[in-house]
file work-v8.txt (compact mmCIF, C-alpha atoms and all ligand atoms)
# COMPACT_ATOMS: atom_id res chain seq x y z
CA LYS A 1 -4.82 9.82 -22.91
CA ASP A 2 -1.22 10.96 -22.61
CA VAL A 3 -0.57 10.20 -18.93
CA ALA A 4 0.05 6.48 -18.40
CA VAL A 5 -0.79 5.30 -14.88
CA VAL A 6 0.64 1.87 -14.10
CA PHE A 7 -0.62 -0.32 -11.25
CA GLY A 8 -0.73 -4.00 -10.40
CA THR A 9 -1.86 -4.46 -6.81
CA ARG A 10 -4.51 -3.46 -4.29
CA PRO A 11 -2.61 -0.64 -2.57
CA GLU A 12 -1.65 0.95 -5.88
CA ILE A 13 -5.25 0.92 -7.07
CA ILE A 14 -6.42 2.48 -3.78
CA LYS A 15 -3.77 5.22 -3.74
CA LEU A 16 -3.84 6.05 -7.45
CA ALA A 17 -7.65 6.18 -7.74
CA PRO A 18 -7.86 9.84 -6.58
CA VAL A 19 -5.13 10.83 -9.10
CA ILE A 20 -6.83 8.95 -11.95
CA ALA A 21 -10.15 10.64 -11.13
CA LEU A 22 -8.54 14.09 -11.31
CA LEU A 23 -6.69 13.31 -14.56
CA GLY A 24 -10.01 12.39 -16.16
CA ASP A 25 -9.73 11.65 -19.88
CA ARG A 26 -5.97 12.18 -19.76
CA ALA A 27 -5.39 9.01 -17.72
CA ARG A 28 -4.42 5.84 -19.59
CA THR A 29 -4.81 3.12 -16.97
CA ILE A 30 -2.55 0.09 -17.32
CA HIS A 31 -2.98 -2.95 -15.05
CA THR A 32 0.08 -5.18 -15.02
CA GLY A 33 -2.05 -8.15 -14.05
CA GLN A 34 -0.03 -8.88 -10.89
CA HIS A 35 -3.16 -9.14 -8.66
CA TYR A 36 -5.79 -9.56 -11.32
CA ASP A 37 -8.55 -11.18 -9.36
CA ALA A 38 -11.86 -10.07 -7.87
CA GLU A 39 -10.70 -10.06 -4.23
CA LEU A 40 -7.60 -7.91 -4.61
CA SER A 41 -8.36 -6.04 -7.80
CA GLY A 42 -11.83 -6.21 -9.36
CA GLN A 43 -13.82 -4.98 -6.36
CA PHE A 44 -11.39 -2.07 -5.93
CA LEU A 45 -11.48 -1.00 -9.60
CA THR A 46 -15.26 -0.93 -9.47
CA GLN A 47 -15.74 0.71 -6.09
CA LEU A 48 -13.04 3.34 -6.56
CA GLY A 49 -14.45 4.41 -9.92
CA ILE A 50 -11.60 3.30 -12.18
CA GLY A 51 -13.62 0.62 -13.92
CA GLU A 52 -12.09 -1.60 -16.57
CA PRO A 53 -8.44 -0.54 -17.13
CA ASP A 54 -7.53 0.73 -20.62
CA GLU A 55 -4.93 -2.03 -20.85
CA ILE A 56 -4.43 -5.25 -18.93
CA LEU A 57 -1.04 -6.76 -19.62
CA SER A 58 -1.06 -10.45 -20.35
CA GLY A 59 1.65 -12.94 -19.60
CA VAL A 60 3.01 -11.05 -16.61
CA GLY A 61 3.91 -13.38 -13.81
CA GLY A 62 6.31 -16.13 -12.94
CA ALA A 63 7.66 -17.68 -9.83
CA THR A 64 10.52 -15.30 -9.21
CA ARG A 65 10.70 -11.55 -8.78
CA GLY A 66 13.08 -11.41 -11.72
CA GLN A 67 10.56 -13.15 -13.96
CA GLN A 68 7.71 -10.92 -12.80
CA ILE A 69 9.64 -7.70 -13.27
CA ALA A 70 11.12 -8.84 -16.58
CA THR A 71 7.80 -9.89 -18.11
CA ALA A 72 6.11 -6.67 -16.97
CA LEU A 73 9.06 -4.63 -18.29
CA LEU A 74 8.77 -6.27 -21.71
CA ALA A 75 4.99 -5.85 -21.88
CA LEU A 76 5.14 -2.21 -20.75
CA THR A 77 7.95 -1.44 -23.20
CA ALA A 78 5.81 -2.83 -26.03
CA SER A 79 2.81 -0.79 -24.85
CA PHE A 80 4.80 2.47 -24.57
CA GLU A 81 6.44 1.90 -27.98
CA ARG A 82 3.05 1.27 -29.59
CA ASP A 83 1.53 4.41 -28.07
CA ARG A 84 4.10 6.65 -26.40
CA PRO A 85 2.76 8.48 -23.34
CA ALA A 86 4.05 11.95 -22.40
CA VAL A 87 4.65 10.84 -18.82
CA VAL A 88 4.30 7.71 -16.70
CA ILE A 89 3.03 7.63 -13.11
CA VAL A 90 3.96 4.77 -10.76
CA GLN A 91 3.11 4.44 -7.07
CA GLY A 92 4.77 2.71 -4.14
CA ASP A 93 7.09 -0.25 -4.11
CA THR A 94 5.79 -3.31 -5.95
CA ASN A 95 7.34 -5.22 -8.83
CA ALA A 96 4.91 -3.33 -11.10
CA VAL A 97 6.42 -0.04 -9.96
CA SER A 98 9.97 -1.19 -10.64
CA ALA A 99 8.95 -2.46 -14.10
CA GLY A 100 6.95 0.69 -14.91
CA ALA A 101 9.79 3.03 -13.94
CA GLN A 102 12.32 0.98 -15.90
CA ALA A 103 10.18 0.70 -19.04
CA ALA A 104 9.54 4.46 -19.11
CA ASN A 105 13.07 5.52 -18.20
CA TYR A 106 14.75 3.28 -20.80
CA LEU A 107 12.52 4.84 -23.48
CA GLY A 108 13.28 8.37 -22.27
CA ILE A 109 9.76 8.99 -20.95
CA PRO A 110 9.59 11.06 -17.72
CA VAL A 111 8.60 9.10 -14.61
CA ILE A 112 6.64 10.46 -11.64
CA HIS A 113 7.04 8.32 -8.53
CA VAL A 114 4.17 8.70 -6.10
CA GLU A 115 4.98 7.87 -2.46
CA ALA A 116 8.69 8.33 -3.09
CA GLY A 117 11.47 8.19 -0.52
CA LEU A 118 10.16 5.58 1.90
CA ARG A 119 13.01 3.52 3.32
CA SER A 120 13.04 0.72 5.88
CA TYR A 121 16.78 0.16 5.29
CA ASP A 122 15.93 -3.55 5.49
CA ARG A 123 17.47 -4.98 2.32
CA ALA A 124 15.81 -8.34 2.94
CA MET A 125 12.46 -6.72 2.04
CA PRO A 126 11.71 -7.03 -1.70
CA GLU A 127 9.77 -3.75 -1.46
CA GLU A 128 12.84 -1.87 -0.22
CA LEU A 129 14.83 -2.75 -3.33
CA ASN A 130 11.88 -1.83 -5.55
CA ARG A 131 11.77 1.57 -3.80
CA VAL A 132 15.49 2.15 -4.30
CA VAL A 133 15.45 1.11 -7.99
CA THR A 134 12.40 3.27 -8.69
CA GLY A 135 13.95 6.20 -6.83
CA ALA A 136 17.05 5.96 -9.00
CA LEU A 137 15.01 6.05 -12.23
CA SER A 138 12.33 8.64 -11.45
CA ASP A 139 12.33 12.24 -12.65
CA VAL A 140 9.84 13.71 -10.18
CA HIS A 141 9.64 12.28 -6.66
CA CYS A 142 6.34 12.95 -4.89
CA ALA A 143 7.31 12.43 -1.27
CA ALA A 144 4.56 11.88 1.27
CA THR A 145 6.40 13.53 4.16
CA PRO A 146 9.44 15.76 4.79
CA HIS A 147 11.19 12.69 6.24
CA ASN A 148 10.80 10.89 2.88
CA ALA A 149 12.30 13.90 1.10
CA VAL A 150 15.29 13.83 3.45
CA ASN A 151 15.80 10.11 2.67
CA LEU A 152 15.97 10.89 -1.06
CA GLU A 153 18.29 13.84 -0.63
CA GLY A 154 20.56 11.58 1.44
CA GLU A 155 20.84 9.34 -1.63
CA GLY A 156 21.90 12.25 -3.80
CA VAL A 157 18.56 13.01 -5.47
CA ASP A 158 18.42 16.65 -6.58
CA PRO A 159 16.16 18.37 -4.00
CA ALA A 160 14.56 20.35 -6.85
CA ARG A 161 13.07 17.09 -8.13
CA VAL A 162 11.51 16.18 -4.79
CA ILE A 163 8.08 17.60 -3.97
CA VAL A 164 6.44 16.93 -0.62
CA THR A 165 2.83 16.38 -1.66
CA GLY A 166 1.51 14.29 1.23
CA ASN A 167 0.15 10.81 0.62
CA THR A 168 -2.94 10.25 -1.52
CA ILE A 169 -4.09 7.73 1.10
CA VAL A 170 -5.51 10.65 3.08
CA GLU A 171 -8.04 11.58 0.38
CA ALA A 172 -8.50 7.90 -0.58
CA THR A 173 -9.43 7.10 3.02
CA LEU A 174 -11.82 10.03 3.37
CA ALA A 175 -13.48 9.15 0.04
CA SER A 176 -13.90 5.46 0.93
CA LEU A 177 -15.30 6.31 4.37
CA ALA A 178 -17.93 8.46 2.66
CA HIS A 179 -18.69 5.80 0.04
CA PRO A 180 -22.17 4.28 0.46
CA LEU A 181 -22.08 0.61 1.40
CA ASP A 182 -24.88 -1.82 0.68
CA SER A 183 -25.64 -4.64 3.09
CA GLY A 184 -23.96 -7.11 0.71
CA SER A 185 -20.56 -5.45 0.96
CA ALA A 186 -20.59 -4.09 4.53
CA ILE A 187 -19.18 -6.20 7.37
CA PRO A 188 -21.44 -6.13 10.42
CA ALA A 189 -19.38 -4.80 13.35
CA PRO A 190 -19.10 -7.16 16.33
CA ALA A 191 -21.30 -6.22 19.26
CA GLY A 192 -18.55 -5.56 21.79
CA ARG A 193 -15.03 -4.22 21.70
CA TYR A 194 -13.06 -5.70 18.83
CA VAL A 195 -9.69 -5.78 17.06
CA VAL A 196 -9.16 -5.86 13.27
CA ALA A 197 -6.14 -7.80 12.01
CA THR A 198 -4.51 -8.30 8.60
CA THR A 199 -1.27 -10.05 7.67
CA HIS A 200 0.31 -10.95 4.34
CA ARG A 201 3.99 -9.86 4.32
CA PRO A 202 6.47 -12.62 3.45
CA GLU A 203 8.23 -12.20 6.82
CA ASN A 204 4.99 -13.27 8.58
CA THR A 205 3.62 -15.80 6.11
CA ASP A 206 6.54 -17.55 4.42
CA THR A 207 7.41 -19.89 7.31
CA ALA A 208 5.18 -21.96 9.58
CA GLU A 209 7.05 -20.59 12.59
CA ALA A 210 6.41 -16.91 11.74
CA LEU A 211 2.78 -17.50 10.85
CA THR A 212 2.23 -19.52 14.02
CA ARG A 213 3.59 -16.64 16.12
CA VAL A 214 1.20 -14.17 14.50
CA LEU A 215 -1.88 -16.42 14.77
CA GLU A 216 -1.06 -17.43 18.36
CA GLY A 217 -0.55 -13.76 19.17
CA LEU A 218 -3.98 -12.87 17.78
CA ARG A 219 -5.55 -15.74 19.74
CA GLY A 220 -4.12 -14.32 22.96
CA ILE A 221 -5.88 -10.97 22.56
CA GLU A 222 -8.62 -10.37 25.13
CA ALA A 223 -11.28 -9.12 22.69
CA GLU A 224 -12.98 -10.39 19.55
CA VAL A 225 -10.40 -10.43 16.75
CA VAL A 226 -11.64 -10.06 13.16
CA LEU A 227 -8.91 -11.46 10.90
CA LEU A 228 -9.32 -10.39 7.27
CA LEU A 229 -7.59 -13.12 5.36
CA HIS A 230 -5.42 -12.12 2.40
CA PRO A 231 -5.32 -14.86 -0.28
CA ARG A 232 -1.57 -15.27 0.24
CA THR A 233 -2.10 -15.92 3.96
CA ARG A 234 -5.00 -18.29 3.32
CA ALA A 235 -2.74 -20.32 1.01
CA ALA A 236 0.08 -20.33 3.57
CA ILE A 237 -2.24 -21.54 6.36
CA GLU A 238 -3.35 -24.42 4.14
CA ARG A 239 0.21 -25.23 3.06
CA PHE A 240 1.48 -25.40 6.65
CA GLY A 241 -1.68 -27.09 8.02
CA LEU A 242 -2.33 -24.31 10.55
CA GLU A 243 -6.14 -24.19 10.20
CA HIS A 244 -6.55 -25.13 13.88
CA LEU A 245 -4.94 -21.79 14.85
CA LEU A 246 -7.90 -19.94 13.36
CA SER A 247 -10.36 -21.22 15.94
CA GLY A 248 -11.46 -18.47 18.30
CA LEU A 249 -10.84 -15.81 15.63
CA THR A 250 -13.53 -14.29 13.40
CA VAL A 251 -12.07 -15.03 9.97
CA LEU A 252 -13.39 -13.27 6.87
CA PRO A 253 -12.13 -12.83 3.29
CA SER A 254 -10.49 -9.46 2.51
CA PRO A 255 -13.25 -6.92 1.94
CA GLY A 256 -13.20 -3.81 -0.26
CA HIS A 257 -11.77 -0.50 0.91
CA ALA A 258 -14.98 1.09 2.19
CA ALA A 259 -16.03 -2.00 4.15
CA PHE A 260 -12.52 -2.42 5.57
CA LEU A 261 -12.24 1.19 6.71
CA ARG A 262 -15.73 1.29 8.21
CA LEU A 263 -14.89 -1.79 10.29
CA ALA A 264 -11.42 -0.46 11.20
CA ALA A 265 -12.74 2.97 12.19
CA ASP A 266 -14.83 1.53 15.03
CA ALA A 267 -12.23 -0.98 16.22
CA SER A 268 -10.40 -0.53 19.53
CA LEU A 269 -7.15 -1.61 17.95
CA LEU A 270 -5.66 -2.64 14.60
CA VAL A 271 -2.95 -5.29 14.23
CA SER A 272 -1.33 -5.43 10.79
CA ASP A 273 1.83 -5.75 8.73
CA SER A 274 0.33 -3.65 5.91
CA GLY A 275 1.97 -0.48 4.70
CA GLY A 276 -1.25 1.35 3.87
CA VAL A 277 -2.86 0.54 7.21
CA GLN A 278 0.05 2.31 8.93
CA GLU A 279 -1.05 5.48 7.15
CA GLU A 280 -4.80 4.94 7.47
CA CYS A 281 -4.64 4.51 11.25
CA THR A 282 -3.53 8.14 11.52
CA VAL A 283 -6.58 9.31 9.57
CA LEU A 284 -8.94 7.00 11.48
CA GLY A 285 -7.42 7.84 14.87
CA VAL A 286 -7.28 4.15 15.84
CA PRO A 287 -4.13 2.67 17.45
CA LEU A 288 -2.13 0.13 15.42
CA LEU A 289 0.41 -2.55 16.25
CA VAL A 290 2.75 -3.04 13.29
CA VAL A 291 3.86 -6.67 13.27
CA ARG A 292 7.12 -6.30 11.38
CA ARG A 293 10.89 -6.35 11.75
CA SER A 294 11.13 -2.75 10.59
CA THR A 295 9.01 0.02 9.15
CA GLU A 296 9.50 2.49 6.34
CA ARG A 297 6.76 4.63 7.92
CA PRO A 298 8.29 5.90 11.19
CA GLU A 299 5.94 8.90 11.04
CA SER A 300 3.07 6.74 12.35
CA VAL A 301 5.20 5.58 15.27
CA ASP A 302 6.45 9.10 16.02
CA SER A 303 2.92 10.51 15.97
CA GLY A 304 1.91 7.92 18.58
CA HIS A 305 -0.61 6.08 16.39
CA ALA A 306 1.48 2.97 15.77
CA ARG A 307 3.88 0.78 17.70
CA LEU A 308 6.37 -1.54 16.00
CA ILE A 309 6.11 -5.10 17.33
CA THR A 310 9.33 -6.78 16.24
CA PRO A 311 9.67 -10.61 16.36
CA ASP A 312 11.18 -10.50 19.86
CA LEU A 313 8.02 -8.88 21.28
CA ASP A 314 4.79 -10.56 22.34
CA ILE A 315 1.86 -9.54 20.13
CA ALA A 316 -0.89 -10.48 22.63
CA GLU A 317 0.82 -8.73 25.52
CA ALA A 318 1.23 -5.52 23.51
CA ALA A 319 -2.36 -5.68 22.26
CA ASN A 320 -3.82 -6.31 25.68
CA ALA A 321 -1.86 -3.37 27.09
CA VAL A 322 -3.43 -1.06 24.48
CA LEU A 323 -6.89 -2.50 25.18
CA ARG A 324 -6.39 -1.81 28.88
CA GLY A 325 -5.82 1.83 27.97
CA PHE A 326 -2.06 2.07 28.38
CA ALA A 327 -1.58 3.68 24.97
CA GLY A 328 -2.80 7.13 25.98
CA ASP A 329 -4.73 9.54 23.76
CA LEU A 330 -3.93 9.77 20.08
CA PRO A 331 -3.23 13.14 18.46
CA GLN A 332 -5.56 14.62 15.85
CA GLY A 333 -4.28 14.99 12.31
CA SER A 334 -2.25 12.77 10.03
CA PRO A 335 1.47 13.15 9.33
CA TYR A 336 0.69 12.09 5.74
CA GLY A 337 -0.69 15.42 4.58
CA ASP A 338 -3.85 17.43 4.21
CA GLY A 339 -5.64 15.52 1.46
CA THR A 340 -4.31 17.58 -1.46
CA ALA A 341 -1.63 15.14 -2.67
CA ALA A 342 -3.68 13.75 -5.59
CA ARG A 343 -4.48 17.28 -6.85
CA GLN A 344 -0.78 18.23 -6.76
CA ILE A 345 0.30 15.01 -8.50
CA ALA A 346 -2.35 15.35 -11.23
CA ASP A 347 -1.21 18.95 -11.81
CA ILE A 348 2.44 17.89 -12.09
CA ALA A 349 1.56 15.18 -14.63
CA THR A 350 -0.63 17.57 -16.62
CA ASP A 351 2.18 20.15 -16.73
CA ILE A 352 4.64 17.57 -18.08
CA ALA A 353 2.12 16.34 -20.65
CA GLU A 354 1.61 19.94 -21.81
CA GLY A 355 5.34 20.50 -22.15
CA LEU A 356 5.68 22.71 -19.06
CA ASP A 357 8.35 22.10 -16.46
CA PRO A 358 6.41 21.02 -13.36
CA LEU A 359 9.40 21.75 -11.18
CA ASP A 360 9.08 25.42 -12.12
CA ALA A 361 5.36 25.37 -11.53
CA VAL A 362 5.41 23.98 -7.99
N1 LIG B 401 -7.30 -3.20 2.64
C1 LIG B 401 -8.56 -3.49 2.18
N2 LIG B 401 -9.16 -4.63 2.61
C2 LIG B 401 -8.55 -5.48 3.50
C3 LIG B 401 -7.26 -5.16 3.96
C4 LIG B 401 -6.64 -4.02 3.49
O1 LIG B 401 -9.14 -2.72 1.42
O2 LIG B 401 -9.12 -6.49 3.87
C5 LIG B 401 -6.64 -1.99 2.14
C6 LIG B 401 -6.14 -1.08 3.22
O3 LIG B 401 -7.15 -0.19 3.60
C7 LIG B 401 -4.97 -0.39 2.57
C8 LIG B 401 -4.51 -1.36 1.51
O4 LIG B 401 -5.50 -2.37 1.41
O5 LIG B 401 -5.36 0.81 1.94
C9 LIG B 401 -3.20 -1.97 1.89
O6 LIG B 401 -2.85 -2.92 0.98
P1 LIG B 401 -1.81 -4.07 1.32
O7 LIG B 401 -1.80 -4.27 2.79
O8 LIG B 401 -2.15 -5.20 0.42
O9 LIG B 401 -0.44 -3.49 0.81
P2 LIG B 401 0.66 -2.61 1.48
O10 LIG B 401 0.03 -1.31 1.87
O11 LIG B 401 1.22 -3.37 2.61
O12 LIG B 401 1.67 -2.42 0.38
call {"tool": "encode", "arguments": {"input": "work-v8.txt", "output": "C-alpha cells", "more": "lines below"}}
Ligand code: UDP
result
Amino acid sequence: KDVAVVFGTRPEIIKLAPVIALLGDRARTIHTGQHYDAELSGQFLTQLGIGEPDEILSGVGGATRGQQIATALLALTASFERDRPAVVIVQGDTNAVSAGAQAANYLGIPVIHVEAGLRSYDRAMPEELNRVVTGALSDVHCAATPHNAVNLEGEGVDPARVIVTGNTIVEATLASLAHPLDSGSAIPAPAGRYVVATTHRPENTDTAEALTRVLEGLRGIEAEVVLLLHPRTRAAIERFGLEHLLSGLTVLPSPGHAAFLRLAADASLLVSDSGGVQEECTVLGVPLLVVRRSTERPESVDSGHARLITPDLDIAEAANAVLRGFAGDLPQGSPYGDGTAARQIADIATDIAEGLDPLDAV
C-alpha cells in the first residue's frame, strides 16, 4: 500500500472511488474524518466499494478553517512519518485536500492533485483558496479540462506537470447509474414532472436572507420540487427558524450516489449549488440552474447544460422558463472527458510508486 489516497468529504469519496478501485491493493485509504457520518460518508464508502478506510484520523475538526486544516495537517504528517507513502493523491478543494497536499509536500512526498486548475476567481470562497494552495504544492496536476490546464499555466505551473485527464466524475456517474438499488435505498420518482434541488454552500446557507431567497425560489417553481436536504442546510433552517418555508416542497434526507443520480436522471430540471452536480448534469443530459455568485466550472455553462443564477436573478422565474421549454435542446457528450480519467490517474500514481517519471510516460 504505497499510494496514499486522502479524502474527507462526500464529493472526494465519489470522485476518488474509481481511482481507488483501479489501484487495488496499492491504495492506502485515509479518511480525515471531516464528514465522518453515515449520511455524507458511510453510505458512500459502502456503496462505492471502498469499505472501511485503512486509516481514519481522529481529532480532526474545530470551529475554524485554520483549526481544521492544522489538525488534519498534524495527523497526516504523523501518519506519513510512521509509514511513508511513495506518493499522495488528493482530490478537489476541501480543507482535507489542502492539509493532504501540505503534509506530503513538507515531507518531500510527491503530490498528485486530481481535479486541478479549477478557478472561480472568487476569493471569498474557502474552496478557491484551497484550490490555489493545493495547486502551488502539487507535483502532478490532473486537470479535468483544457480550460483548467490553461488556468494553471496562467499561474506559472510548468505545462509539463499538467495532464488533461478528464474528470473521474464521468466514470463515477456511469458506475453509480448502473449500480443496483434496492427498494430501501431508491427514492420513488414523483408521478409527474419534477425538479431535484440541493443546496449547502455557505453563500446560500450562512444567512437567513440567502437561505430564504433559495427556499422561496424553490417554492415558486411550477412543478413538484424534491429538495434533498444536506445536514448543514437542515441545521441552518432550524437555526434561522425557516421550517415554514419547506411546506409545499418534497423534503428528503440526502440519499446515496446511485439513488441521487437515478432521481436526477429523470428530472426535468436540477437546481443546485453543488460542484459535482454541475459536472453530472452534462453526463445525465438534464438542465441545471447553478445558484451561486460564480462558478469554477464554466464548461457546463458553455456547453449549454447549466445556467448561472447569481443573487440578482430570480430562481423561480429562471426555473419556470426552462420548464416551459425555453432552454432548447442539450448537446450530447460531457466536456469533462471520456471516462478514462481514473485509469490515467491510477497509472500516473503507479509509475511514481515504481520510481518511473509519470511525466515521461504520459
Ligand atoms: N450527491 C449525492 N446525494 C445527494 C446530493 C449530492 O450523492 O443528495 C452527490 C452528487 O451526485 C455529487 C456530490 O454529491 O457527486 C456532490 O457533493 P457536494 O455537493 O457535497 O460537494 P461539491 O461537489 O459541491 O464539492
call {"tool": "axis_aligned_box", "arguments": {"input": "work-v8.txt", "around": "region 50-57 of chain A", "padding_each_side": "8 Å", "output": "AutoDock Vina command-line options"}}
result
--center_x -7.3 --center_y -1.7 --center_z -16.5 --size_x 28.6 --size_y 26.1 --size_z 24.7
call {"tool": "residues_around", "arguments": {"input": "work-v8.txt", "residues": "region 235-245 of chain A", "least_positions_apart": "2", "cutoff": "8 Å", "atoms": "all atoms listed in the file", "output": "list in words"}}
result
Thr205, Asp206, Ala208, Leu211, Thr212, Leu215, Glu216, Arg219, Pro231, Arg232, Thr233 and Ser247 of chain A
call {"tool": "closest_residue", "arguments": {"input": "work-v8.txt", "among": "A:Thr64, A:Gln278, A:Ser138, A:Asn95", "to": "ligand LIG 401 (chain B)", "atoms": "all atoms listed in the file"}}
result
A:Gln278
call {"tool": "closest_residue", "arguments": {"input": "work-v8.txt", "among": "A:Leu246, A:Leu288, A:Ala349, A:Leu107", "to": "Ala27 (chain A)", "atoms": "all atoms listed in the file"}}
result
A:Ala349
call {"tool": "atom_distance", "arguments": {"input": "work-v8.txt", "atom1": "CA of Gly217 (chain A)", "atom2": "CA of Ile309 (chain A)"}}
result
11.1 Å
call {"tool": "residues_around", "arguments": {"input": "work-v8.txt", "residues": "Val290 (chain A)", "least_positions_apart": "4", "cutoff": "10 Å", "atoms": "only C-alpha atoms", "output": "NGL selection string"}}
result
:A and (199 or 270-275 or 277-278 or 294-295 or 300-301 or 306-310 or 315)
call {"tool": "residues_near_point", "arguments": {"input": "work-v8.txt", "point": "(-9.6, 11.0, 4.5)", "cutoff": "10 Å", "atoms": "all atoms listed in the file", "output": "list in words"}}
result
Thr168, Ile169, Val170, Glu171, Ala172, Thr173, Leu174, Ala175, Ser176, Leu177, Ala178, Glu280, Thr282, Val283, Leu284, Ser334, Gly337, Asp338 and Gly339 of chain A
call {"tool": "residues_near_ligand", "arguments": {"input": "work-v8.txt", "ligand": "ligand LIG 401 (chain B)", "cutoff": "9 Å", "atoms": "only C-alpha atoms and all ligand atoms", "output": "PyMOL selection string"}}
result
chain A and resi 9-15+39-40+44+92-94+127+169+172-173+197-201+227-230+252-261+264+272-280
call {"tool": "atom_distance", "arguments": {"input": "work-v8.txt", "atom1": "CA of Arg119 (chain A)", "atom2": "CA of Leu152 (chain A)"}}
result
9.1 Å
call {"tool": "residues_around", "arguments": {"input": "work-v8.txt", "residues": "region 312-314 of chain A", "least_positions_apart": "6", "cutoff": "12 Å", "atoms": "only C-alpha atoms", "output": "ChimeraX atom specification"}}
result
/A:210,213-221,289-293,320-321
